[in-house]
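Notes follow the structure.
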Amino acid sequence: MKRLPWFPHSFAAALLCVGAAGCNQSDFGDIRGDMVEDDGDPDDDDGGDGPGGSARDEADVACEVPDDCGTGETCVDNVCQMQRCQDGPYLSELPLAPNLRFMIDREFVVADSTSAEGSFFVDGYAPQAGSVEYPGSWDMGSTNIIDVVGGDFFGSNPELFAVATAGSSRVRIGGTSEDIEIDVGFPPHALAAGDTDGDDKDEVFVLGQFGNYALCNVDGGDCLTGFFQNGNGRDAGIGDVDGDGQNEVVLLLENGGDAVLFVLEVTGDGEDFQGPAGFDLTVIDVGDPDGDGVDEIFGIEAGGAFSDAQLHAYTAMGGAVAVVNSQVIDDTSIDLSFGDLDTDERDELIVLREGSEIELLSGQEGSMQLDAQFTHLLTDSSAPTRIASVDFDGDSPRTYLMSEEPVLLPGQVLPVALGLFPPYEEEFSDGEASVAIGRADSTSESFTDSISLDMGVDMGVSVGFFDIAKAGLGTRISQSLKVSETQTFRKSIGTRFSARPESYFEGEPYGVVTMTCGCFHAYKYRIEDPAGMLADGADSEEFVLIVPVGGSEMLWSTRRYNAMAEAVGNLPIMEVPYRVGNVDSYPPGPEKLDGSPIPEADFVFTDPPSILVSDAGSSGFRMSVGEDMTNSISMSTSVGVRLDVSSEIPLLGGGVKFGADLGVGWGQGYSVRVGESAFFGGNLPPLPDNPDTPEDEYLQYAYTTMPFVYREHYTDAEGNDAAYYVISYAVGQE
């Protein structure tokens, strides 16, 4: 086999295609050592010169400029290291909306049905520990108000509200000094608000009395209009009623005198569906009183001469509407609104009664039965008929994107796998052994199921802000990542290689190491938390979210890798105790590189094979995750997230700590994993009898080998546990 040209590093990553960008990921690298033995004669052409025209030892990783290093390497801090994030441009999506709220603390507003001094008012109220405060009112003009709804229409504090007035086709935005109106082309009968398109800004849904509707983007001023043939309009609400992570519009329609609940899918993958309400509902709203993340539909059935008023709860899971609870409420109840009024992340229900009275009800986990908390007389209102929850004082915490252009951050280099060469006899074996690591299905373009470095979204905060972030911000961010785009925010870089040593490596402790690194986009956000709801001191703090965008991989010899690891100082040293071509240097049973026992939990395969060397042909072995017994505990190891954040990248103006220590599911920025189709394999060369000698070499030197794979743990630079995978061998003499 023709030797490859010599490079200053031992294995030419540019020729390997082990997962770097631009390589065909279905190909295996089949590599012999690419370093050519130097006979000491400077006038000879030894197959390749080092920098400056003279050969240099592969363990020499010192450099001054990138040209001092090999192909696929660069000079960092005077050490030759693998290049990182050179294959852009990279693309990513925002992990969070440009302005996103947490722990929404809403108040409520009511619309008066009688005028005061010629004007109709929307009155604001703030529940406070069993009572209600009256901060003030908004003058909405001289026309009677038909409906009111609150929402986050512009992505900024405070929330505003929208009102529909009698005889007008315009919806007016209140709570602001600006004059904002949207003409929907028909007289509104009911309003609802919610984020229906996933942009973290609420739209207004306008329902007409005769089935016409408009879904309006308040920020853009445009509306999508349509018409329902299913019945006349009564009321509407917006929420995630089918648990798909996206909001639906829920309509209360009247068809042939019967009340019908209609679920309108706006952007979700599901289909519209409807069902009879079963009761003569007058108004509805949508909320999550049990805090399970799925909204339910609640409606009021008015009382009669021989019956009490009822509050009915419905679920819309599974594409059908079904009643899950009914309870008696006051006969004077006329409207209802859900909203989280105490930042417990469960919606409370406010019921408006005739006579300017409200009742506050709350739910509990696992039940749709709502319990009354208190009633209150709204003495500053004039016979209100409609109610809506809204954060009109703007004290809910919110994050703001500082710049839409992300910063590209290279991840630190990590070892993923160490491949040791199977034992063979330098003097008597016919050839060298080979080792292979990769994916059983070599036609696949995906490395996810190989031995891979997995990356996900992670969070970074300044060192000074770290304890505050641990107090709750990390949890809020985790819960608010866009559920529907989770897969967009995960990437894998897989390992696949096949390698054989050249004869001049025989007698040396030697192996091959796959190193990999991820590339991330960092998005910087600022926190607005004037009331200190997230944590004291969180207001005006900044954090970053990193999104994986790619990565690269290289294959190095253990000699060059160890030289680099020692110079860099934050990578594990791999001291190989076994000499290539020397069967006697291998242990009689499985053990770690340092000779210590391997914990049972760290073996990847629980029943490794025993291979007898042949006298006539190569003896192959292969251990596949999909075919052999494995230990699930050892299949994945989180190693936290490691980024090279230098002073040249002013992310947070100081030290940055990433999420492994936040304790809320973060820290998966990096994890090393053995996939479902990964395999470890190799070949033993034959050990034939030499007919020119009196003894039978096979009978005298035959041996068996047991290949095994395990996790080799080490402690990273920050004191955290990390690991890489090792394929090693035990030897028994025949």
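Chain labels run A, B, ... following the order of the structure tokens; each chain numbers its residues from 1, and ligands are numbered from 1 in the order shown.
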
- Task: Give the strand (DSSP E or B) residues of range 312-399 of chain A, as assigned by DSSP on the backbone, as a PyMOL selection string.
- Result: chain A and resi 312-315+322-328+333-339+348-353+357-364+367-377+384-390+398-399

Report task. Write out as number ranges by chain which residues come within 10 Å of Glu365 in chain A when counting only C-alpha atoms, dropping same-chain ones fewer than 2 positions away. Result -> A: 289-292, 346, 363, 367-369

Requested in this report: Identify, on the basis of only C-alpha atoms, every residue whose closest approach to range 188-201 of chain A does not exceed 9 Å; exclude the query and any residue fewer than 6 positions from it along the same chain; express the result as a PyMOL selection string.
Outcome: chain A and resi 97-101+146-155+162-171+207-210+212-213+217-219+233-239+246-249+265-268+285+482

Save the residues we just selected, N, CA and C atoms, as a short mmCIF file (atom, residue, chain, number, x, y, z; two decimals), in the first residue's frame?
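Below is the file out-v3.cif, written as the result:
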```cif
data_model
loop_
_atom_site.label_atom_id
_atom_site.label_comp_id
_atom_site.auth_asym_id
_atom_site.auth_seq_id
_atom_site.Cartn_x
_atom_site.Cartn_y
_atom_site.Cartn_z
N ALA A 97 -37.72 34.28 21.78
CA ALA A 97 -38.23 35.43 21.06
C ALA A 97 -37.45 36.69 21.45
N PRO A 98 -37.44 37.71 20.59
CA PRO A 98 -36.72 38.95 20.93
C PRO A 98 -37.19 39.59 22.22
N ASN A 99 -38.45 39.39 22.59
CA ASN A 99 -38.94 39.91 23.87
C ASN A 99 -39.94 38.91 24.43
N LEU A 100 -39.53 38.24 25.48
CA LEU A 100 -40.32 37.14 26.03
C LEU A 100 -40.53 37.36 27.52
N ARG A 101 -41.76 37.07 27.98
CA ARG A 101 -42.08 37.28 29.39
C ARG A 101 -42.06 35.97 30.18
N ILE A 146 -68.57 46.92 23.73
CA ILE A 146 -69.13 45.59 23.50
C ILE A 146 -68.31 44.51 24.20
N ASP A 147 -66.96 44.59 24.10
CA ASP A 147 -66.10 43.58 24.72
C ASP A 147 -64.72 44.18 24.94
N VAL A 148 -63.95 43.56 25.83
CA VAL A 148 -62.59 43.98 26.14
C VAL A 148 -61.74 42.73 26.32
N VAL A 149 -60.47 42.79 25.87
CA VAL A 149 -59.54 41.67 26.04
C VAL A 149 -58.14 42.23 26.21
N GLY A 150 -57.32 41.59 27.06
CA GLY A 150 -55.95 42.03 27.28
C GLY A 150 -54.96 41.18 26.52
N GLY A 151 -53.77 41.74 26.21
CA GLY A 151 -52.77 40.97 25.50
C GLY A 151 -51.45 41.67 25.36
N ASP A 152 -50.43 40.88 25.02
CA ASP A 152 -49.09 41.38 24.77
C ASP A 152 -48.95 41.61 23.27
N PHE A 153 -49.47 42.73 22.79
CA PHE A 153 -49.61 42.96 21.37
C PHE A 153 -48.32 43.42 20.70
N PHE A 154 -47.42 44.07 21.46
CA PHE A 154 -46.24 44.67 20.86
C PHE A 154 -44.93 44.12 21.41
N GLY A 155 -44.99 43.15 22.31
CA GLY A 155 -43.77 42.58 22.85
C GLY A 155 -43.02 43.52 23.76
N ALA A 162 -57.62 45.55 24.22
CA ALA A 162 -58.36 45.92 23.02
C ALA A 162 -59.84 45.99 23.36
N VAL A 163 -60.55 46.95 22.77
CA VAL A 163 -61.98 47.09 23.02
C VAL A 163 -62.72 47.17 21.69
N ALA A 164 -63.93 46.63 21.70
CA ALA A 164 -64.86 46.79 20.58
C ALA A 164 -66.04 47.62 21.07
N THR A 165 -66.46 48.56 20.27
CA THR A 165 -67.55 49.45 20.67
C THR A 165 -68.74 49.29 19.73
N ALA A 166 -69.90 49.63 20.23
CA ALA A 166 -71.15 49.42 19.49
C ALA A 166 -71.18 50.25 18.20
N GLY A 167 -71.66 49.64 17.12
CA GLY A 167 -71.86 50.34 15.87
C GLY A 167 -70.60 50.64 15.10
N SER A 168 -69.47 50.07 15.48
CA SER A 168 -68.21 50.36 14.81
C SER A 168 -67.55 49.06 14.36
N SER A 169 -66.87 49.11 13.23
CA SER A 169 -66.11 47.95 12.75
C SER A 169 -64.65 48.03 13.19
N ARG A 170 -64.33 48.99 14.05
CA ARG A 170 -62.95 49.19 14.47
C ARG A 170 -62.71 48.62 15.87
N VAL A 171 -61.54 47.98 16.01
CA VAL A 171 -61.07 47.53 17.32
C VAL A 171 -60.01 48.52 17.77
N LEU A 207 -64.69 38.14 16.59
CA LEU A 207 -65.80 37.31 16.15
C LEU A 207 -67.03 38.17 15.94
N GLY A 208 -67.63 38.04 14.76
CA GLY A 208 -68.86 38.76 14.47
C GLY A 208 -70.08 37.96 14.92
N GLN A 209 -71.21 38.61 15.00
CA GLN A 209 -72.42 37.95 15.48
C GLN A 209 -72.92 36.89 14.50
N PHE A 210 -72.60 37.04 13.23
CA PHE A 210 -73.15 36.14 12.22
C PHE A 210 -72.08 35.22 11.62
N ASN A 212 -68.83 35.81 10.91
CA ASN A 212 -67.64 36.39 10.29
C ASN A 212 -66.58 36.62 11.36
N TYR A 213 -65.29 36.54 10.94
CA TYR A 213 -64.22 36.68 11.92
C TYR A 213 -63.01 37.34 11.28
N ASN A 217 -53.05 40.86 13.44
CA ASN A 217 -51.73 41.15 13.97
C ASN A 217 -51.70 42.64 14.33
N VAL A 218 -51.79 42.94 15.60
CA VAL A 218 -51.90 44.33 16.03
C VAL A 218 -50.63 45.09 15.68
N ASP A 219 -49.48 44.45 15.85
CA ASP A 219 -48.20 45.12 15.60
C ASP A 219 -48.07 45.49 14.12
N GLY A 233 -72.05 33.77 16.01
CA GLY A 233 -71.04 33.91 17.04
C GLY A 233 -71.60 34.33 18.39
N ARG A 234 -71.07 33.69 19.45
CA ARG A 234 -71.40 34.10 20.81
C ARG A 234 -70.16 34.62 21.55
N ASP A 235 -69.08 33.81 21.57
CA ASP A 235 -67.89 34.23 22.32
C ASP A 235 -66.69 33.47 21.79
N ALA A 236 -65.49 33.85 22.27
CA ALA A 236 -64.26 33.21 21.80
C ALA A 236 -63.19 33.26 22.88
N GLY A 237 -62.22 32.35 22.75
CA GLY A 237 -61.05 32.33 23.63
C GLY A 237 -59.88 31.75 22.86
N ILE A 238 -58.66 31.93 23.37
CA ILE A 238 -57.45 31.42 22.72
C ILE A 238 -56.59 30.72 23.75
N GLY A 239 -56.09 29.53 23.41
CA GLY A 239 -55.20 28.78 24.29
C GLY A 239 -54.79 27.48 23.64
N GLN A 246 -48.95 24.81 20.65
CA GLN A 246 -49.37 25.98 19.89
C GLN A 246 -50.82 26.30 20.23
N ASN A 247 -51.13 27.58 20.23
CA ASN A 247 -52.48 28.00 20.63
C ASN A 247 -53.50 27.81 19.51
N GLU A 248 -54.69 27.47 19.92
CA GLU A 248 -55.83 27.38 19.03
C GLU A 248 -56.86 28.45 19.41
N VAL A 249 -57.72 28.79 18.47
CA VAL A 249 -58.85 29.66 18.75
C VAL A 249 -60.05 28.77 19.06
N GLU A 265 -57.74 25.41 14.35
CA GLU A 265 -56.28 25.32 14.27
C GLU A 265 -55.77 26.45 13.38
N VAL A 266 -54.86 27.25 13.92
CA VAL A 266 -54.35 28.38 13.15
C VAL A 266 -53.04 28.03 12.46
N THR A 267 -52.06 27.56 13.23
CA THR A 267 -50.77 27.20 12.64
C THR A 267 -50.34 25.81 13.02
N GLY A 268 -51.11 25.09 13.82
CA GLY A 268 -50.73 23.76 14.25
C GLY A 268 -50.88 22.72 13.16
N ASP A 285 -64.14 31.12 28.23
CA ASP A 285 -62.74 31.54 28.20
C ASP A 285 -61.89 30.29 28.31
N LYS A 482 -38.64 27.24 22.57
CA LYS A 482 -39.71 26.90 21.65
C LYS A 482 -39.79 25.39 21.50
#
```

Margin query: Which residues are close to Gly299 in chain A, i.e. within 6 Å by only C-alpha atoms, leaving aside same-chain residues fewer than 3 positions away? Reply as JSON, numbers by chain.
Written below: {"A": [281, 283, 284, 311, 312]}

Taking C-alpha atoms for each residue, export the selection above as a compact mmCIF listing (two decimals), in the first residue's frame.
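Okay, again.txt is ready:
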```txt
# COMPACT_ATOMS: atom_id res chain seq x y z
CA LEU A 281 -73.42 28.45 27.30
CA VAL A 283 -69.71 33.06 27.42
CA ILE A 284 -66.44 31.10 27.46
CA LEU A 311 -69.67 26.64 35.35
CA HIS A 312 -68.78 23.86 32.90
```

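We find CA of Asp139 in chain A and CA of Pro158 in chain A to be spaced 17.7 Å apart.
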
Of A:Arg579, A:Pro422, A:Tyr698, A:Ser92, the one sitting nearest Ser619 in chain A when using only C-alpha atoms is A:Pro422

Between CA of Ser396 in chain A and CA of Tyr523 in chain A lies a distance of 21.9 Å

Next item on the list: Tell me, as a list in words, which residues lie within 7 Å of range 433-439 of chain A, counting only C-alpha atoms; anything in the same chain fewer than 4 positions away does not count.
Entry: Gly419, Phe421, Pro422, Tyr424, Asp449, Ser450, Ile451, Thr495, Arg496, Phe497, Ser498, Ala499, Arg500, Ser677, Ala678, Phe679, Phe680, Gly681, Gly682, Asn683, Leu684 and Pro685 of chain A

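Among the candidates A:Pro597, A:Val241, A:Thr332, A:Asp380, the residue lying nearest to Ser137 in chain A is A:Asp380 (atoms considered: only C-alpha atoms).
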
Item checked: Contact residues around Ala116 in chain A with only C-alpha atoms at 8 Å, ignoring same-chain residues under 4 positions, as number ranges by chain -> A: 120-121, 382

* Nearest residue to Gly474 in chain A from the set A:Ala302, A:Val513, A:Phe543, A:Ala717 (distances using only C-alpha atoms) ->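 Going through A:Ala302, A:Val513, A:Phe543, A:Ala717 one by one, the smallest distance to Gly474 in chain A is for A:Phe543.
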
Please list as a list in words every residue within 12 Å of Ser614 in chain A, counting only C-alpha atoms and excluding residues in the same chain fewer than 4 positions away.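 The neighbour list is Tyr424, Ser429, Asp430, Ser618, Ser619, Gly620, Asn683, Leu684, Pro685, Pro686, Leu687, Pro688, Asp689, Glu697, Tyr698, Leu699, Tyr701, Ala702, Tyr703, Thr704, Thr705 and Glu734 of chain A.
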